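J.: Compact mmCIF, C-alpha atoms, file run.txt:
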# COMPACT_ATOMS: atom_id res chain seq x y z
CA MET A 17 -21.61 -7.91 12.42
CA LYS A 18 -17.90 -7.50 12.82
CA ALA A 19 -15.30 -9.13 10.66
CA ARG A 20 -11.64 -9.48 11.42
CA VAL A 21 -9.34 -10.23 8.49
CA GLN A 22 -5.79 -11.39 9.07
CA VAL A 23 -3.42 -11.03 6.12
CA MET A 24 -0.03 -12.77 6.21
CA LEU A 25 2.75 -13.29 3.69
CA LYS A 26 2.62 -16.85 2.41
CA ALA A 27 5.19 -19.36 3.60
CA GLY A 28 8.20 -19.15 1.31
CA VAL A 29 7.87 -15.40 0.69
CA LEU A 30 10.74 -13.67 2.44
CA ASP A 31 9.48 -11.26 5.10
CA PRO A 32 12.28 -8.72 5.61
CA GLN A 33 10.24 -6.81 8.21
CA GLY A 34 9.72 -9.97 10.25
CA GLU A 35 13.44 -10.69 10.00
CA ALA A 36 14.27 -7.17 11.22
CA VAL A 37 11.94 -7.66 14.19
CA ARG A 38 13.61 -10.99 14.97
CA HIS A 39 17.06 -9.39 14.95
CA ALA A 40 15.85 -6.55 17.19
CA LEU A 41 14.31 -9.00 19.66
CA ARG A 42 17.55 -10.98 19.78
CA GLN A 43 19.50 -7.79 20.49
CA LEU A 44 17.14 -7.18 23.40
CA GLY A 45 18.16 -10.54 24.81
CA PHE A 46 15.17 -12.65 23.76
CA ASP A 47 16.75 -15.95 22.80
CA GLY A 48 15.28 -18.92 21.02
CA ILE A 49 13.13 -17.05 18.49
CA GLU A 50 13.28 -19.21 15.41
CA GLY A 51 11.16 -17.05 13.16
CA VAL A 52 9.06 -13.89 13.06
CA ARG A 53 6.40 -13.17 10.46
CA GLN A 54 4.65 -9.82 10.38
CA GLY A 55 1.20 -9.38 8.91
CA LYS A 56 -1.75 -7.06 9.21
CA VAL A 57 -5.24 -7.10 10.65
CA VAL A 58 -8.21 -5.34 9.08
CA GLU A 59 -11.37 -4.91 11.18
CA LEU A 60 -14.67 -4.30 9.41
CA ASP A 61 -18.05 -3.20 10.77
CA LEU A 62 -20.72 -4.71 8.56
CA ALA A 63 -24.44 -3.92 8.20
CA GLU A 64 -25.04 -7.53 7.17
CA THR A 65 -26.67 -9.70 9.85
CA ASP A 66 -26.40 -13.10 8.12
CA LYS A 67 -23.09 -14.74 9.01
CA ALA A 68 -22.76 -16.80 5.83
CA LYS A 69 -23.46 -13.78 3.63
CA ALA A 70 -21.01 -11.68 5.62
CA GLU A 71 -18.30 -14.32 5.21
CA ALA A 72 -18.94 -14.54 1.49
CA ALA A 73 -18.78 -10.76 1.12
CA VAL A 74 -15.56 -10.45 3.13
CA THR A 75 -13.99 -13.29 1.13
CA GLU A 76 -14.71 -11.34 -2.05
CA MET A 77 -13.21 -8.20 -0.46
CA CYS A 78 -10.05 -10.17 0.35
CA GLU A 79 -9.75 -11.55 -3.16
CA LYS A 80 -10.33 -8.16 -4.80
CA LEU A 81 -8.45 -5.79 -2.53
CA LEU A 82 -7.48 -6.69 1.03
CA ALA A 83 -4.93 -9.37 0.11
CA ASN A 84 -2.68 -9.87 -2.89
CA THR A 85 -2.97 -13.61 -3.26
CA VAL A 86 0.27 -13.79 -5.27
CA ILE A 87 2.15 -13.34 -2.00
CA GLU A 88 -0.42 -13.19 0.80
CA SER A 89 -2.88 -15.53 2.45
CA TYR A 90 -5.82 -14.39 4.54
CA SER A 91 -8.13 -15.70 7.22
CA ILE A 92 -11.52 -14.31 8.21
CA GLU A 93 -13.39 -14.34 11.52
CA VAL A 94 -16.97 -13.06 11.53
CA SER A 95 -18.81 -12.48 14.79
CA MET B 428 0.67 10.11 -31.04
CA HIS B 429 -1.46 10.66 -27.96
CA ALA B 430 -0.25 9.71 -24.49
CA ALA B 431 -2.38 9.78 -21.35
CA VAL B 432 -0.65 10.19 -17.99
CA ILE B 433 -2.74 9.01 -15.06
CA VAL B 434 -2.68 11.18 -11.93
CA PHE B 435 -3.50 9.67 -8.53
CA PRO B 436 -3.44 11.46 -5.19
CA GLY B 437 0.22 11.03 -4.25
CA SER B 438 1.61 10.73 -7.78
CA ASN B 439 4.78 12.82 -7.98
CA CYS B 440 6.44 11.88 -11.28
CA ASP B 441 3.39 12.64 -13.41
CA ARG B 442 4.68 15.98 -14.70
CA ASP B 443 8.17 14.58 -15.38
CA LEU B 444 6.54 11.82 -17.41
CA ARG B 445 4.48 14.38 -19.29
CA VAL B 446 7.60 16.37 -20.21
CA ALA B 447 9.41 13.21 -21.36
CA PHE B 448 6.49 12.25 -23.64
CA GLU B 449 6.15 15.81 -24.98
CA ASP B 450 9.88 16.15 -25.67
CA ALA B 451 9.63 12.97 -27.73
CA GLY B 452 6.83 14.54 -29.79
CA ALA B 453 3.69 13.12 -28.16
CA ARG B 454 0.53 15.00 -27.35
CA VAL B 455 -0.24 14.42 -23.67
CA SER B 456 -3.46 14.41 -21.66
CA MET B 457 -3.34 14.27 -17.89
CA VAL B 458 -6.16 12.00 -16.66
CA TRP B 459 -7.47 12.08 -13.08
CA HIS B 460 -7.97 8.79 -11.25
CA LYS B 461 -11.71 9.36 -10.78
CA ASP B 462 -12.29 9.63 -14.53
CA THR B 463 -13.87 6.52 -15.95
CA ASP B 464 -12.67 6.88 -19.54
CA LEU B 465 -9.41 7.50 -21.33
CA PRO B 466 -9.34 9.95 -24.26
CA ALA B 467 -10.81 8.06 -27.22
CA ASP B 468 -7.73 8.22 -29.46
CA VAL B 469 -5.14 7.40 -26.80
CA ASP B 470 -2.16 5.29 -27.96
CA VAL B 471 -0.21 4.82 -24.77
CA VAL B 472 -1.05 5.19 -21.10
CA GLY B 473 1.69 6.26 -18.69
CA ILE B 474 1.32 5.36 -15.03
CA PRO B 475 3.75 7.56 -13.12
CA GLY B 476 5.88 7.12 -10.05
CA GLY B 477 4.95 8.41 -6.64
CA PHE B 478 3.05 7.17 -3.64
CA SER B 479 -0.51 6.76 -4.86
CA PHE B 480 -2.93 6.80 -1.93
CA GLY B 481 0.02 7.00 0.46
CA ASP B 482 1.00 3.38 -0.28
CA TYR B 483 -1.85 2.43 2.09
CA LEU B 484 -2.73 -1.28 2.28
CA ARG B 485 -0.08 -2.25 -0.31
CA CYS B 486 1.80 -0.11 -2.84
CA GLY B 487 -0.47 0.44 -5.84
CA ALA B 488 -3.39 -1.61 -4.46
CA ILE B 489 -5.89 1.21 -4.05
CA ALA B 490 -4.85 2.87 -7.32
CA ALA B 491 -5.29 -0.44 -9.15
CA ASN B 492 -8.94 -0.46 -8.09
CA SER B 493 -9.64 3.17 -9.00
CA PRO B 494 -12.17 3.94 -11.77
CA ILE B 495 -9.55 4.94 -14.34
CA CYS B 496 -7.62 1.71 -13.90
CA GLN B 497 -10.58 -0.27 -15.19
CA ALA B 498 -10.29 1.81 -18.37
CA VAL B 499 -6.52 1.17 -18.44
CA VAL B 500 -7.08 -2.59 -18.13
CA ALA B 501 -9.63 -2.41 -20.96
CA HIS B 502 -7.16 -0.38 -23.08
CA ALA B 503 -4.48 -3.05 -22.52
CA GLY B 504 -7.04 -5.75 -23.30
CA ARG B 505 -7.63 -4.13 -26.70
CA GLY B 506 -3.89 -4.31 -27.40
CA GLY B 507 -3.15 -0.79 -26.17
CA TYR B 508 0.27 0.23 -24.88
CA VAL B 509 0.97 0.94 -21.21
CA LEU B 510 4.15 2.16 -19.50
CA GLY B 511 4.26 1.96 -15.70
CA ILE B 512 7.25 3.41 -13.90
CA CYS B 513 8.07 2.81 -10.23
CA ASN B 514 4.72 3.14 -8.44
CA GLY B 515 3.24 2.64 -11.91
CA PHE B 516 4.91 -0.80 -12.07
CA GLN B 517 3.43 -1.61 -8.65
CA VAL B 518 0.00 -0.55 -9.91
CA LEU B 519 0.36 -2.76 -13.01
CA THR B 520 1.16 -5.85 -10.93
CA GLU B 521 -1.80 -5.09 -8.67
CA THR B 522 -4.14 -4.86 -11.68
CA GLY B 523 -2.83 -8.21 -12.92
CA LEU B 524 -1.64 -6.73 -16.23
CA LEU B 525 1.86 -7.85 -15.25
CA PRO B 526 2.72 -10.93 -13.18
CA GLY B 527 4.40 -10.94 -9.77
CA VAL B 528 4.58 -8.25 -7.13
CA LEU B 529 7.02 -5.68 -5.72
CA LEU B 530 7.96 -6.51 -2.15
CA ARG B 531 9.69 -4.34 0.45
CA ASN B 532 13.39 -3.91 -0.41
CA ALA B 533 15.42 -6.75 1.05
CA GLY B 534 17.61 -4.24 2.93
CA LEU B 535 14.46 -2.56 4.32
CA LYS B 536 15.80 0.85 3.32
CA TYR B 537 14.43 3.32 0.82
CA VAL B 538 16.99 3.33 -1.99
CA CYS B 539 17.55 6.51 -3.99
CA LYS B 540 20.52 6.44 -6.36
CA PRO B 541 21.52 5.90 -9.98
CA ALA B 542 21.22 2.24 -10.95
CA ARG B 543 23.15 0.57 -13.75
CA LEU B 544 20.94 -1.69 -15.85
CA THR B 545 21.30 -3.91 -18.86
CA VAL B 546 18.77 -3.81 -21.67
CA GLU B 547 17.75 -7.47 -21.80
CA THR B 548 15.52 -7.43 -24.85
CA THR B 549 15.17 -5.08 -27.80
CA ASP B 550 11.99 -6.83 -28.91
CA SER B 551 9.49 -4.16 -27.79
CA VAL B 552 8.48 -0.66 -28.86
CA PHE B 553 10.00 0.55 -25.59
CA THR B 554 13.48 -0.94 -25.94
CA ARG B 555 14.15 -1.39 -29.64
CA GLY B 556 16.14 1.86 -29.76
CA TYR B 557 18.87 0.35 -27.55
CA GLU B 558 21.62 -2.06 -28.53
CA ALA B 559 20.98 -5.58 -27.23
CA GLY B 560 22.84 -5.94 -23.94
CA ALA B 561 23.48 -2.18 -23.69
CA GLU B 562 24.19 -0.78 -20.26
CA VAL B 563 22.18 2.27 -19.19
CA THR B 564 21.94 4.20 -15.93
CA PHE B 565 18.55 5.35 -14.68
CA PRO B 566 17.75 6.68 -11.20
CA ILE B 567 15.88 4.46 -8.77
CA ALA B 568 13.93 5.82 -5.81
CA HIS B 569 11.80 3.26 -4.03
CA HIS B 570 11.13 1.36 -0.83
CA ASP B 571 9.28 -1.52 -2.44
CA GLY B 572 11.11 -2.56 -5.59
CA ASN B 573 12.01 -6.13 -4.72
CA TYR B 574 10.45 -8.02 -7.62
CA PHE B 575 8.95 -11.36 -6.57
CA ALA B 576 7.20 -14.09 -8.55
CA ASP B 577 7.14 -17.85 -8.20
CA GLU B 578 9.83 -19.86 -9.97
CA ALA B 579 7.48 -21.00 -12.75
CA THR B 580 6.57 -17.38 -13.55
CA LEU B 581 10.23 -16.31 -13.50
CA ASP B 582 11.15 -19.20 -15.80
CA ARG B 583 8.37 -18.19 -18.14
CA LEU B 584 9.47 -14.54 -18.20
CA ASP B 585 12.98 -15.66 -19.14
CA ALA B 586 11.84 -18.22 -21.71
CA GLU B 587 9.58 -15.67 -23.41
CA ASP B 588 12.27 -12.95 -23.39
CA ARG B 589 10.02 -10.70 -21.31
CA VAL B 590 12.64 -9.27 -18.92
CA ALA B 591 13.22 -5.77 -20.32
CA PHE B 592 15.85 -4.55 -17.84
CA ARG B 593 18.05 -6.17 -15.20
CA TYR B 594 20.10 -4.52 -12.47
CA CYS B 595 23.89 -4.84 -12.76
CA ASP B 596 24.19 -4.49 -8.96
CA ASN B 597 20.92 -5.66 -7.44
CA PRO B 598 19.87 -2.83 -5.05
CA ASN B 599 16.71 -4.33 -3.57
CA GLY B 600 16.79 -8.13 -3.63
CA ALA B 601 14.73 -8.42 -6.82
CA ALA B 602 14.39 -11.97 -8.11
CA ARG B 603 16.87 -12.65 -10.93
CA ASP B 604 17.93 -8.97 -10.78
CA ILE B 605 14.71 -7.99 -12.55
CA ALA B 606 14.16 -4.23 -12.93
CA GLY B 607 11.44 -4.27 -15.60
CA ILE B 608 9.21 -6.74 -17.41
CA LEU B 609 6.92 -6.92 -20.43
CA SER B 610 3.43 -8.37 -20.77
CA GLU B 611 2.81 -11.43 -22.90
CA ASN B 612 1.93 -9.27 -25.94
CA ARG B 613 5.00 -7.08 -25.18
CA ARG B 614 2.86 -3.91 -25.12
CA VAL B 615 2.81 -3.34 -21.36
CA LEU B 616 6.11 -2.44 -19.68
CA GLY B 617 6.55 -2.06 -15.94
CA MET B 618 9.89 -0.93 -14.52
CA MET B 619 11.16 0.38 -11.20
CA PRO B 620 13.94 2.69 -12.56
CA HIS B 621 13.02 6.12 -13.92
CA PRO B 622 13.89 6.69 -17.60
CA GLU B 623 11.97 9.99 -17.48
CA ARG B 624 14.59 11.29 -15.03
CA MET B 625 17.37 10.64 -17.56
CA ALA B 626 15.72 12.22 -20.57
CA ASP B 627 17.04 15.77 -20.74
CA PRO B 628 20.63 17.09 -20.94
CA ILE B 629 20.05 18.83 -17.60
CA HIS B 630 19.64 15.37 -15.99
CA GLY B 631 23.26 14.51 -16.76
CA ASN B 632 22.57 12.07 -19.56
CA THR B 633 19.75 11.28 -21.96
CA GLU B 634 19.80 7.48 -21.97
CA GLY B 635 16.14 7.43 -20.96
CA ARG B 636 15.16 9.68 -23.83
CA VAL B 637 15.76 6.78 -26.24
CA LEU B 638 12.86 4.85 -24.69
CA PHE B 639 10.41 7.72 -25.22
CA ASP B 640 11.69 8.61 -28.70
CA THR B 641 11.40 5.01 -29.86
CA LEU B 642 7.97 4.54 -28.30
CA VAL B 643 6.54 7.76 -29.74
CA SER B 644 7.94 7.20 -33.23
CA ALA B 645 6.76 3.57 -33.27
CA LEU B 646 3.19 4.62 -32.46
CA GLN B 647 3.13 7.67 -34.75
CA PRO B 648 0.61 7.17 -37.56
CA ALA B 649 2.44 6.34 -40.77
Transcribe the structure of this file into structure tokens.
T.:
Amino acid sequence: MKARVQVMLKAGVLDPQGEAVRHALRQLGFDGIEGVRQGKVVELDLAETDKAKAEAAVTEMCEKLLANTVIESYSIEVS
Amino acid sequence: MHAAVIVFPGSNCDRDLRVAFEDAGARVSMVWHKDTDLPADVDVVGIPGGFSFGDYLRCGAIAANSPICQAVVAHAGRGGYVLGICNGFQVLTETGLLPGVLLRNAGLKYVCKPARLTVETTDSVFTRGYEAGAEVTFPIAHHDGNYFADEATLDRLDAEDRVAFRYCDNPNGAARDIAGILSENRRVLGMMPHPERMADPIHGNTEGRVLFDTLVSALQPA
């Protein structure tokens, strides 16, 4: 199975990189951008064939390593 | 007094930290990240600055999950002393031994310059050699030194007198100007500035030497 993990800074945590991207877009003439948040995507190839087990395993990976839940939230898609 | 300095791939202040400990009179063992145990009689663990594992994923995240860090967490759990500097501070927040996290600098730039700090508490084996409120200058060199924690955690750090150092001129956006914090039992210190780079006359001043001298003498068997 494949898993796709999206990690984003939580709302309320300042994202200076997102802000820099927003400023750069505005300089390029893109108006009306009210906010930019930058995150990361981690793609995993899993030997597991059971979707529920795969989701449980990837959730544990997120809690232990892939996200720092002090500042980041994550979402998981398994397919 | 026996100090262990942890070495990760990408550590680059490990030898400076070794020299600072040795100059203060400690015996030092360098310990590789794949080792699973610390030397049995170790008193303090030093986690050095650098870019462990290339800062991949998040600064300190991979190092915090390395085999030796489980031994470091166990050492701290037994009441052992730990000093994490720069990347070492990032590793300590990732292990959960210290609260909060170091975010990208608010100005997005890598900042490398001397930073003026105030010693906020003298109630620790790391800082008791300084006068309360003393101003010291240690170099900073980091891209991710912007200390962040939720308001409740920040309030708690203040109420428990656990902020060890604050910046006089905040260089990175750190919450409440925090440059270094102590654990609840005051035996784990994480700080972004580098006292080991201000510990020898050749560095220009020796204000950082005080931290190592005090630490080593406090942990010396009576």
J.: Can you work out which residues from chain A touch chain B at a cut-off of 9 Å (counting all atoms listed in the file) and hand them back as a list in words?
T.: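 In the required form, that comes to Val29, Leu30, Asp31, Pro32, Gln33, Ala36, Lys80, Leu81, Leu82, Ala83, Asn84, Val86 and Ile87 of chain A.
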J.: Can you measure atom CA of B:Val615 to atom CA of B:Leu510 for me? One decimal in Å is fine.
T.: 6.0 Å
J.: Once you count only C-alpha atoms, which residues end up no further than 8 Å from (15.3, 8.5, -16.5) in the file's frame, shown as a list in words?
T.: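 These residues have at least one counted atom within 8 Å: Thr564, Phe565, Pro566, Pro620, His621, Pro622, Glu623, Arg624, Met625, Ala626, Thr633, Glu634, Gly635 and Arg636 of chain B.
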J.: Go ahead and save the residues from that selection, with C-alpha atoms, as a PDB file, keeping the file's coordinate frame.
T.:
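Saved file out.pdb follows:
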ATOM      1  CA  THR B 564      21.940   4.200 -15.930  1.00  0.00           C
ATOM      2  CA  PHE B 565      18.550   5.350 -14.680  1.00  0.00           C
ATOM      3  CA  PRO B 566      17.750   6.680 -11.200  1.00  0.00           C
ATOM      4  CA  PRO B 620      13.940   2.690 -12.560  1.00  0.00           C
ATOM      5  CA  HIS B 621      13.020   6.120 -13.920  1.00  0.00           C
ATOM      6  CA  PRO B 622      13.890   6.690 -17.600  1.00  0.00           C
ATOM      7  CA  GLU B 623      11.970   9.990 -17.480  1.00  0.00           C
ATOM      8  CA  ARG B 624      14.590  11.290 -15.030  1.00  0.00           C
ATOM      9  CA  MET B 625      17.370  10.640 -17.560  1.00  0.00           C
ATOM     10  CA  ALA B 626      15.720  12.220 -20.570  1.00  0.00           C
ATOM     11  CA  THR B 633      19.750  11.280 -21.960  1.00  0.00           C
ATOM     12  CA  GLU B 634      19.800   7.480 -21.970  1.00  0.00           C
ATOM     13  CA  GLY B 635      16.140   7.430 -20.960  1.00  0.00           C
ATOM     14  CA  ARG B 636      15.160   9.680 -23.830  1.00  0.00           C
TER      15      ARG B 636
END
J.: Can you measure atom CA of A:Gly45 to atom CA of B:Asn599 for me? One decimal in Å is fine.
T.: 29.1 Å
J.: For A:Cys78, which residue among A:Leu41, A:Val23, A:Ile49, A:Leu62 is the nearest when counting all atoms listed in the file?
T.: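 The answer is A:Val23, which sits nearest to A:Cys78.
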J.: Quick one, how far is atom CA of A:Glu88 from atom CA of B:Gly481?
T.: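 These two atoms are separated by 20.2 Å.
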J.: List as a list in words the protein and nucleic acid residues near A:Ala19, meaning an atom at most 7 Å away when only C-alpha atoms are counted, but skip any in the same chain fewer than 3 places from it.
T.: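 Final neighbour list, sorted by chain and number: Glu59, Leu60, Asp61, Ile92, Glu93, Val94 and Ser95 of chain A.
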J.: Show me that you can extract stretch 451-544 of chain B, keeping C-alpha atoms, and write it as a CSV table (one decimal), in the first residue's frame.
T.:
chain,number,residue,atom,x,y,z
B,451,ALA,CA,37.4,22.7,33.4
B,452,GLY,CA,38.9,19.4,34.7
B,453,ALA,CA,36.5,16.8,33.4
B,454,ARG,CA,37.4,13.4,31.9
B,455,VAL,CA,35.6,13.2,28.6
B,456,SER,CA,34.4,10.3,26.5
B,457,MET,CA,33.2,10.8,23.0
B,458,VAL,CA,30.1,8.6,22.3
B,459,TRP,CA,28.9,7.7,18.8
B,460,HIS,CA,25.2,7.9,18.1
B,461,LYS,CA,24.9,4.2,17.3
B,462,ASP,CA,26.1,3.2,20.7
B,463,THR,CA,23.3,2.0,22.9
B,464,ASP,CA,24.9,2.7,26.3
B,465,LEU,CA,26.6,5.6,28.0
B,466,PRO,CA,29.8,5.0,30.0
B,467,ALA,CA,28.6,3.5,33.3
B,468,ASP,CA,30.0,6.3,35.6
B,469,VAL,CA,29.0,9.2,33.4
B,470,ASP,CA,27.9,12.4,35.4
B,471,VAL,CA,26.9,14.7,32.6
B,472,VAL,CA,26.1,14.2,28.9
B,473,GLY,CA,26.9,17.0,26.4
B,474,ILE,CA,24.9,17.2,23.2
B,475,PRO,CA,26.9,19.4,20.9
B,476,GLY,CA,26.0,21.9,18.2
B,477,GLY,CA,26.0,21.1,14.5
B,478,PHE,CA,23.6,19.8,11.9
B,479,SER,CA,22.9,16.3,13.0
B,480,PHE,CA,21.6,14.2,10.1
B,481,GLY,CA,21.7,17.3,7.9
B,482,ASP,CA,18.7,18.8,9.8
B,483,TYR,CA,16.6,16.5,7.7
B,484,LEU,CA,12.9,16.3,8.6
B,485,ARG,CA,13.2,18.7,11.5
B,486,CYS,CA,16.3,19.9,13.3
B,487,GLY,CA,17.3,17.3,15.9
B,488,ALA,CA,14.4,14.9,15.1
B,489,ILE,CA,16.4,12.0,13.7
B,490,ALA,CA,19.1,12.4,16.3
B,491,ALA,CA,16.5,12.4,19.1
B,492,ASN,CA,15.4,8.9,17.9
B,493,SER,CA,19.0,7.5,17.6
B,494,PRO,CA,20.0,4.6,19.8
B,495,ILE,CA,22.2,6.7,22.1
B,496,CYS,CA,19.4,9.2,22.8
B,497,GLN,CA,17.4,6.5,24.5
B,498,ALA,CA,20.3,6.1,26.9
B,499,VAL,CA,20.4,9.9,27.3
B,500,VAL,CA,16.7,10.0,28.2
B,501,ALA,CA,17.2,7.2,30.7
B,502,HIS,CA,20.2,9.0,32.2
B,503,ALA,CA,18.1,12.1,32.6
B,504,GLY,CA,15.3,10.0,34.0
B,505,ARG,CA,17.7,8.8,36.8
B,506,GLY,CA,18.4,12.4,37.7
B,507,GLY,CA,21.5,12.7,35.5
B,508,TYR,CA,22.8,16.0,34.1
B,509,VAL,CA,22.5,16.9,30.4
B,510,LEU,CA,23.8,20.0,28.6
B,511,GLY,CA,22.5,20.6,25.0
B,512,ILE,CA,23.9,23.5,23.1
B,513,CYS,CA,22.4,24.8,19.8
B,514,ASN,CA,21.6,21.6,17.8
B,515,GLY,CA,21.8,19.9,21.2
B,516,PHE,CA,19.0,22.1,22.5
B,517,GLN,CA,16.9,21.2,19.4
B,518,VAL,CA,17.6,17.5,20.1
B,519,LEU,CA,16.5,17.9,23.7
B,520,THR,CA,13.2,19.4,22.8
B,521,GLU,CA,12.7,16.6,20.2
B,522,THR,CA,13.3,14.0,22.9
B,523,GLY,CA,10.8,15.7,25.2
B,524,LEU,CA,13.4,16.2,27.9
B,525,LEU,CA,12.7,20.0,27.5
B,526,PRO,CA,9.4,21.6,26.5
B,527,GLY,CA,8.7,23.6,23.4
B,528,VAL,CA,10.5,23.6,20.1
B,529,LEU,CA,13.0,25.7,18.1
B,530,LEU,CA,11.3,27.1,15.0
B,531,ARG,CA,13.0,28.7,11.9
B,532,ASN,CA,14.3,32.2,12.8
B,533,ALA,CA,11.6,34.8,12.4
B,534,GLY,CA,13.9,36.7,9.9
B,535,LEU,CA,14.4,33.5,7.9
B,536,LYS,CA,18.2,34.1,7.9
B,537,TYR,CA,21.0,32.1,9.5
B,538,VAL,CA,22.3,34.3,12.3
B,539,CYS,CA,26.0,34.1,13.2
B,540,LYS,CA,27.2,36.8,15.7
B,541,PRO,CA,27.9,37.4,19.3
B,542,ALA,CA,24.7,37.7,21.3
B,543,ARG,CA,24.3,39.5,24.6
B,544,LEU,CA,22.4,37.5,27.2
